[in-house]
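To be precise, the following lines are entry11.txt, and they hold compact mmCIF, C-alpha atoms and all ligand atoms.
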```txt
# COMPACT_ATOMS: atom_id res chain seq x y z
CA MET A 299 -29.49 9.46 -0.72
CA ILE A 300 -28.38 9.39 2.93
CA LYS A 301 -25.34 11.59 3.52
CA ILE A 302 -22.87 9.73 5.74
CA GLY A 303 -20.16 11.31 7.92
CA ILE A 304 -17.58 8.89 9.30
CA LEU A 305 -15.48 9.53 12.42
CA ILE A 306 -12.20 7.64 12.83
CA SER A 307 -9.11 7.66 15.03
CA GLY A 308 -6.78 5.10 13.49
CA SER A 309 -6.20 2.53 10.78
CA GLY A 310 -9.63 2.83 9.21
CA SER A 311 -10.07 -0.76 8.03
CA ASN A 312 -13.77 -0.49 8.86
CA LEU A 313 -13.88 2.78 6.93
CA GLN A 314 -12.29 0.99 3.97
CA SER A 315 -14.90 -1.76 4.02
CA ILE A 316 -17.71 0.82 4.18
CA ILE A 317 -16.22 2.78 1.27
CA GLU A 318 -16.09 -0.44 -0.76
CA ALA A 319 -19.66 -1.37 0.16
CA VAL A 320 -20.87 2.08 -0.93
CA LYS A 321 -18.91 1.83 -4.19
CA ALA A 322 -20.37 -1.63 -4.83
CA GLY A 323 -23.85 -0.18 -4.45
CA ASN A 324 -24.59 -2.21 -1.32
CA ILE A 325 -25.20 0.86 0.85
CA ALA A 326 -27.64 3.46 -0.51
CA GLY A 327 -25.65 6.36 0.88
CA GLU A 328 -22.87 8.75 0.07
CA ILE A 329 -19.83 9.31 2.29
CA VAL A 330 -19.58 13.11 2.32
CA LEU A 331 -16.94 13.55 5.00
CA VAL A 332 -14.38 11.62 7.07
CA ILE A 333 -13.25 13.27 10.30
CA SER A 334 -10.34 12.14 12.44
CA ASN A 335 -9.34 13.40 15.87
CA ASN A 336 -5.85 12.09 15.07
CA ALA A 337 -3.89 13.77 12.27
CA GLU A 338 -1.76 10.62 11.80
CA ALA A 339 -4.71 8.25 11.29
CA TYR A 340 -4.12 6.04 8.25
CA GLY A 341 -7.86 6.14 7.59
CA LEU A 342 -7.40 9.72 6.33
CA THR A 343 -5.19 8.36 3.53
CA ARG A 344 -7.72 5.65 2.74
CA ALA A 345 -10.46 8.32 2.38
CA ALA A 346 -8.24 10.59 0.29
CA ASN A 347 -7.50 7.64 -2.04
CA TYR A 348 -11.19 7.74 -2.96
CA ASN A 349 -11.37 11.56 -3.10
CA ILE A 350 -13.59 11.66 -0.03
CA PRO A 351 -13.27 14.99 1.81
CA THR A 352 -11.40 14.70 5.12
CA LYS A 353 -10.98 16.92 8.13
CA VAL A 354 -8.86 16.68 11.26
CA VAL A 355 -10.52 17.91 14.46
CA LYS A 356 -8.08 17.29 17.31
CA HIS A 357 -9.65 16.89 20.71
CA ASP A 358 -6.50 18.40 22.26
CA ASP A 359 -7.29 21.71 20.58
CA TYR A 360 -10.47 22.13 22.66
CA SER A 361 -10.70 23.05 26.31
CA ASP A 362 -13.34 20.44 27.15
CA ARG A 363 -15.41 17.69 25.63
CA HIS A 364 -18.43 19.91 25.07
CA THR A 365 -16.59 22.39 22.84
CA PHE A 366 -14.93 19.53 20.92
CA ASP A 367 -18.35 17.91 20.41
CA GLN A 368 -19.85 21.20 19.28
CA GLU A 369 -17.11 21.65 16.68
CA LEU A 370 -17.77 18.15 15.36
CA VAL A 371 -21.51 18.91 15.15
CA LYS A 372 -20.79 22.16 13.30
CA VAL A 373 -18.52 20.49 10.75
CA LEU A 374 -20.92 17.57 10.20
CA LYS A 375 -23.93 19.90 9.81
CA GLU A 376 -21.98 22.05 7.31
CA SER A 377 -21.70 18.90 5.17
CA GLN A 378 -25.42 18.19 5.75
CA VAL A 379 -24.66 14.80 7.25
CA ASP A 380 -27.74 12.64 7.98
CA LEU A 381 -25.98 9.67 9.54
CA VAL A 382 -22.85 9.70 11.72
CA VAL A 383 -20.79 6.50 11.71
CA LEU A 384 -18.16 5.85 14.37
CA ALA A 385 -15.60 3.55 12.76
CA GLY A 386 -12.90 3.10 15.36
CA PHE A 387 -13.45 6.57 16.82
CA MET A 388 -11.82 6.46 20.24
CA ARG A 389 -13.48 9.44 21.94
CA VAL A 390 -16.69 9.41 23.95
CA LEU A 391 -19.33 11.76 22.52
CA GLY A 392 -21.47 13.70 24.99
CA ALA A 393 -25.23 14.12 25.22
CA GLY A 394 -25.08 17.39 23.24
CA PHE A 395 -23.62 15.58 20.24
CA ILE A 396 -26.15 12.74 20.44
CA ALA A 397 -29.03 15.24 20.69
CA ALA A 398 -27.84 16.84 17.43
CA PHE A 399 -28.23 13.48 15.61
CA PRO A 400 -31.00 11.57 17.42
CA ASP A 401 -31.00 7.84 16.50
CA ARG A 402 -28.55 8.75 13.76
CA VAL A 403 -25.21 7.79 15.27
CA ILE A 404 -24.01 4.21 14.76
CA ASN A 405 -20.93 2.60 16.33
CA ILE A 406 -19.00 -0.66 15.98
CA HIS A 407 -17.66 -2.29 19.13
CA PRO A 408 -15.26 -5.28 19.12
CA ALA A 409 -17.13 -7.34 21.75
CA LEU A 410 -20.55 -8.78 22.40
CA LEU A 411 -22.19 -5.90 24.30
CA PRO A 412 -23.16 -5.39 27.04
CA SER A 413 -20.04 -7.42 27.95
CA PHE A 414 -16.63 -5.80 27.66
CA SER A 415 -17.59 -2.22 26.92
CA GLY A 416 -14.97 0.53 26.86
CA THR A 417 -11.56 0.24 25.26
CA HIS A 418 -9.89 -3.01 24.09
CA GLY A 419 -13.10 -5.05 24.12
CA GLN A 420 -11.35 -7.94 22.34
CA GLY A 421 -8.50 -7.93 24.88
CA GLN A 422 -10.92 -7.83 27.80
CA ALA A 423 -12.87 -10.80 26.38
CA PHE A 424 -9.66 -12.76 25.69
CA ALA A 425 -8.31 -12.12 29.21
CA TYR A 426 -11.64 -13.15 30.73
CA GLY A 427 -11.52 -16.47 28.90
CA VAL A 428 -14.82 -16.30 27.02
CA LYS A 429 -15.40 -19.06 24.47
CA LEU A 430 -17.43 -16.87 22.14
CA ALA A 431 -16.11 -13.37 21.55
CA GLY A 432 -17.56 -11.13 18.86
CA CYS A 433 -18.63 -7.69 17.77
CA THR A 434 -21.65 -5.41 17.94
CA VAL A 435 -23.07 -2.65 15.74
CA HIS A 436 -25.35 -0.37 17.73
CA PHE A 437 -27.01 3.00 17.83
CA VAL A 438 -25.21 5.40 20.15
CA ASP A 439 -26.97 6.95 23.11
CA GLU A 440 -25.77 9.07 26.03
CA LYS A 441 -24.13 6.14 27.81
CA VAL A 442 -20.93 4.49 26.59
CA ASP A 443 -21.47 1.37 24.40
CA HIS A 444 -25.08 1.19 25.57
CA GLY A 445 -27.49 2.11 22.76
CA PRO A 446 -29.90 -0.21 20.90
CA ILE A 447 -28.16 -3.15 19.22
CA ILE A 448 -28.55 -3.57 15.44
CA ILE A 449 -26.39 -6.64 14.62
CA GLN A 450 -24.06 -8.86 16.64
CA ALA A 451 -21.72 -11.61 15.49
CA ALA A 452 -20.08 -14.29 17.61
CA VAL A 453 -16.47 -15.30 16.94
CA PRO A 454 -15.19 -18.51 18.60
CA VAL A 455 -12.02 -18.22 20.68
CA LEU A 456 -9.60 -21.01 19.68
CA SER A 457 -7.50 -22.88 22.23
CA ASP A 458 -4.21 -21.66 20.76
CA ASP A 459 -5.44 -18.10 20.17
CA SER A 460 -3.46 -15.02 20.97
CA GLU A 461 -5.21 -11.75 21.63
CA GLU A 462 -3.88 -10.46 18.30
CA ARG A 463 -5.16 -13.43 16.27
CA LEU A 464 -8.56 -13.21 17.93
CA ALA A 465 -8.73 -9.43 17.34
CA ALA A 466 -7.87 -9.95 13.65
CA ARG A 467 -10.71 -12.48 13.21
CA ILE A 468 -13.13 -10.19 15.05
CA LEU A 469 -12.06 -7.31 12.79
CA ARG A 470 -12.84 -9.37 9.66
CA CYS A 471 -16.26 -10.03 11.12
CA GLU A 472 -16.73 -6.33 11.97
CA HIS A 473 -16.28 -5.51 8.30
CA LYS A 474 -19.17 -7.80 7.40
CA ILE A 475 -21.72 -6.68 9.99
CA PHE A 476 -20.94 -2.97 9.89
CA SER A 477 -21.69 -2.57 6.19
CA ARG A 478 -24.76 -4.75 6.54
CA ALA A 479 -26.12 -2.61 9.39
CA LEU A 480 -25.45 0.60 7.46
CA ALA A 481 -27.14 -0.84 4.38
CA LEU A 482 -30.22 -1.64 6.48
CA PHE A 483 -30.24 1.85 7.99
CA CYS A 484 -29.90 3.56 4.61
CA ALA A 485 -32.69 1.37 3.20
CA GLY A 486 -34.97 2.59 6.02
CA LYS A 487 -35.30 -0.92 7.44
CA LEU A 488 -34.37 -0.20 11.06
CA GLN A 489 -36.95 0.80 13.65
CA ILE A 490 -36.22 1.27 17.35
CA GLU A 491 -39.04 0.13 19.66
CA ASP A 492 -38.47 0.07 23.40
CA ARG A 493 -34.68 -0.06 22.77
CA LYS A 494 -35.09 -3.11 20.54
CA VAL A 495 -34.08 -2.66 16.92
CA LYS A 496 -36.62 -4.21 14.55
CA ILE A 497 -35.31 -5.07 11.10
CA SER A 498 -37.98 -5.16 8.45
CA GLY A 499 -38.00 -7.21 5.29
CA VAL A 500 -35.28 -9.74 6.14
CA ASP A 501 -35.78 -13.49 5.99
CA GLU A 502 -34.80 -14.91 9.38
CA SER A 503 -35.99 -18.44 8.66
CA GLN A 504 -32.41 -19.68 8.22
CA LEU A 505 -31.62 -18.49 11.78
CA ASP A 506 -34.48 -20.43 13.30
CA ASP A 507 -32.47 -23.44 14.37
CA GLN A 508 -28.95 -22.12 14.32
CA PHE A 509 -26.39 -22.24 17.14
CA LEU A 510 -22.74 -21.35 17.33
CA ILE A 511 -21.13 -23.65 19.90
CA SER A 512 -17.53 -23.13 20.88
CA CYS A 513 -16.57 -26.83 20.95
CA PRO A 514 -17.51 -29.43 18.32
CA VAL A 515 -20.59 -31.34 19.48
CA GLU A 516 -21.82 -34.57 17.86
C1 LIG B 1 -12.14 -1.75 15.57
O1 LIG B 1 -11.82 -3.01 16.12
C2 LIG B 1 -13.34 -1.15 16.28
O2 LIG B 1 -14.29 -2.11 16.66
C3 LIG B 1 -12.69 -0.55 17.49
O3 LIG B 1 -11.52 0.04 17.00
C4 LIG B 1 -11.04 -0.73 15.89
C5 LIG B 1 -10.80 0.22 14.75
O4 LIG B 1 -10.20 -0.44 13.67
N1 LIG B 1 -13.56 0.42 18.12
C6 LIG B 1 -13.65 0.56 19.43
O5 LIG B 1 -13.00 -0.11 20.22
C7 LIG B 1 -14.63 1.62 19.89
N2 LIG B 1 -14.81 1.54 21.30
P1 LIG B 1 -10.16 0.22 12.25
O6 LIG B 1 -9.58 1.64 12.45
O7 LIG B 1 -9.21 -0.64 11.47
O8 LIG B 1 -11.53 0.26 11.67
```
Spit out the file's structure as structure tokens when you get a sec.
Ligand code: GAR
Amino acid sequence: MIKIGILISGSGSNLQSIIEAVKAGNIAGEIVLVISNNAEAYGLTRAANYNIPTKVVKHDDYSDRHTFDQELVKVLKESQVDLVVLAGFMRVLGAGFIAAFPDRVINIHPALLPSFSGTHGQGQAFAYGVKLAGCTVHFVDEKVDHGPIIIQAAVPVLSDDSEERLAARILRCEHKIFSRALALFCAGKLQIEDRKVKISGVDESQLDDQFLISCPVE
């Protein structure tokens, strides 16, 4: 069983959906630890509701990013974590952290990477005026929001959208693709070749002739 450590900073709705997917038996893993850099994060309560061990590691308590990263690595290794999941974790992890978990850190980003990386991906996409926004689950490498992409989903922007409504629909979509990507990882179905993630054993025939177009077309 893959031991999963989840890093959060806030509400933890993605964490909640992962907990539920694990409980439902859809992810062949065990969440052994939830870490937050923010003591007020509601996600800590969500984890505690399921008796999942939690820990607060505040970035402010460390003199620089390297020492913060090293503390995270220490805590995760103490719990023998195999896979690190960033579920709304709003700190950038350095190369030292990534080297401690090679190809074993997975992040969710609320935009279609490589567009709109960084913070507030949904807001950036909305302000830009894209017609298809979306979300991305990807492996984490040394560069921000850059590692090999596992799953993406497109979310149409509606003409009367607000940034908040769009972000809420993207979030619902995040919950679907994040658990799916983690299930594939835990089932050993993901292989990275030349930065492309190959997914084995899935039937893509239904995708063959599929398009998502942002305006109804006859
Ligand atoms: C999610 O929208 C996630 O994609 C985003 O933070 C939100 C966390 O929500 N992550 C990033 O922007 C990372 N750069 P949640 O706490 O309810 O899961």
Discussion item. Neighbouring residues of Ile302 in chain A were defined as those with any atom within 12 Å, considering only C-alpha atoms; residues of the same chain fewer than 6 positions away were excluded. Please report them as a PyMOL selection string.
Written reply: chain A and resi 313+316-317+320+325-333+350-351+374-375+377-385+399+402-404+480-481+483-484
Please provide the set of residues having any atom within 8 Å of Glu440 in chain A, restricted to all atoms listed in the file, with same-chain residues fewer than 3 positions apart removed, written as a PDB file with C-alpha atoms, keeping the file's coordinate frame.
```
ATOM      1  CA  LEU A 391     -19.330  11.760  22.520  1.00  0.00           C
ATOM      2  CA  GLY A 392     -21.470  13.700  24.990  1.00  0.00           C
ATOM      3  CA  ALA A 393     -25.230  14.120  25.220  1.00  0.00           C
ATOM      4  CA  ILE A 396     -26.150  12.740  20.440  1.00  0.00           C
ATOM      5  CA  HIS A 444     -25.080   1.190  25.570  1.00  0.00           C
ATOM      6  CA  GLY A 445     -27.490   2.110  22.760  1.00  0.00           C
TER       7      GLY A 445
END
```
Practice problem: Give the residue list for ligand LIG 1 (chain B) at 8 Å, counting all atoms listed in the file, as a ChimeraX atom specification, sorted by chain and then by residue number. | Solution: /A:306-314,341,384-388,405-409,415-420,433,443,465,468-469,472
**Q.** Interatomic distance, CA of Arg363 in chain A to CA of Leu410 in chain A (Å, one decimal)
**A.**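 Rounded to one decimal, the two atoms are 27.2 Å apart.
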Between CA of Arg478 in chain A and CA of Val435 in chain A, what is the distance in Å, rounded to a tenth?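 Distance between the two atoms: 9.6 Å.
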Arg493 in chain A proximity check over A:Val453, A:Ala423, A:Val438, A:Val515, using all atoms listed in the file: winner is A:Val438
With distances taken over only C-alpha atoms, the candidate from A:Pro446, A:Pro454, A:Gly421, A:Gly427 nearest Asp401 in chain A is A:Pro446
Adding 5 Å on each side of the box along x, y and z that holds all listed atoms of range 326-338 of chain A, could you give its centre and edge lengths in Å to one decimal, as JSON?
```
{"center_x": -14.7, "center_y": 8.6, "center_z": 7.7, "size_x": 35.9, "size_y": 20.3, "size_z": 26.4}
```
From the list A:Leu482, A:Leu370, A:Ala339, A:Cys513, the nearest residue to Val500 in chain A using only C-alpha atoms is A:Leu482
Query raised in the report: Rounded to one decimal in Å, what is the spacing between CA of Arg463 in chain A and CA of Phe424 in chain A?
Result: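 That distance, rounded to one decimal, is 10.5 Å.
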Handout entry: Residue nearest Val442 in chain A among A:Ala398, A:Val390, A:Ala479, A:Asp459 (counting only C-alpha atoms)
Key =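 So, comparing all the options, the nearest one is A:Val390.
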Quick one: residues within 12 Å of Leu510 in chain A, all atoms listed in the file, excluding same-chain residues fewer than 3 positions away - as an mmCIF file with C-alpha atoms, keeping the file's coordinate frame?
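Saved result, out17.cif, follows:
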```cif
data_model
loop_
_atom_site.group_PDB
_atom_site.id
_atom_site.type_symbol
_atom_site.label_atom_id
_atom_site.label_comp_id
_atom_site.auth_asym_id
_atom_site.auth_seq_id
_atom_site.Cartn_x
_atom_site.Cartn_y
_atom_site.Cartn_z
ATOM 1 C CA LYS A 429 -15.400 -19.060 24.470
ATOM 2 C CA LEU A 430 -17.430 -16.870 22.140
ATOM 3 C CA ALA A 431 -16.110 -13.370 21.550
ATOM 4 C CA GLY A 432 -17.560 -11.130 18.860
ATOM 5 C CA ALA A 451 -21.720 -11.610 15.490
ATOM 6 C CA ALA A 452 -20.080 -14.290 17.610
ATOM 7 C CA VAL A 453 -16.470 -15.300 16.940
ATOM 8 C CA PRO A 454 -15.190 -18.510 18.600
ATOM 9 C CA VAL A 455 -12.020 -18.220 20.680
ATOM 10 C CA LEU A 505 -31.620 -18.490 11.780
ATOM 11 C CA ASP A 507 -32.470 -23.440 14.370
ATOM 12 C CA CYS A 513 -16.570 -26.830 20.950
ATOM 13 C CA PRO A 514 -17.510 -29.430 18.320
ATOM 14 C CA VAL A 515 -20.590 -31.340 19.480
#
```
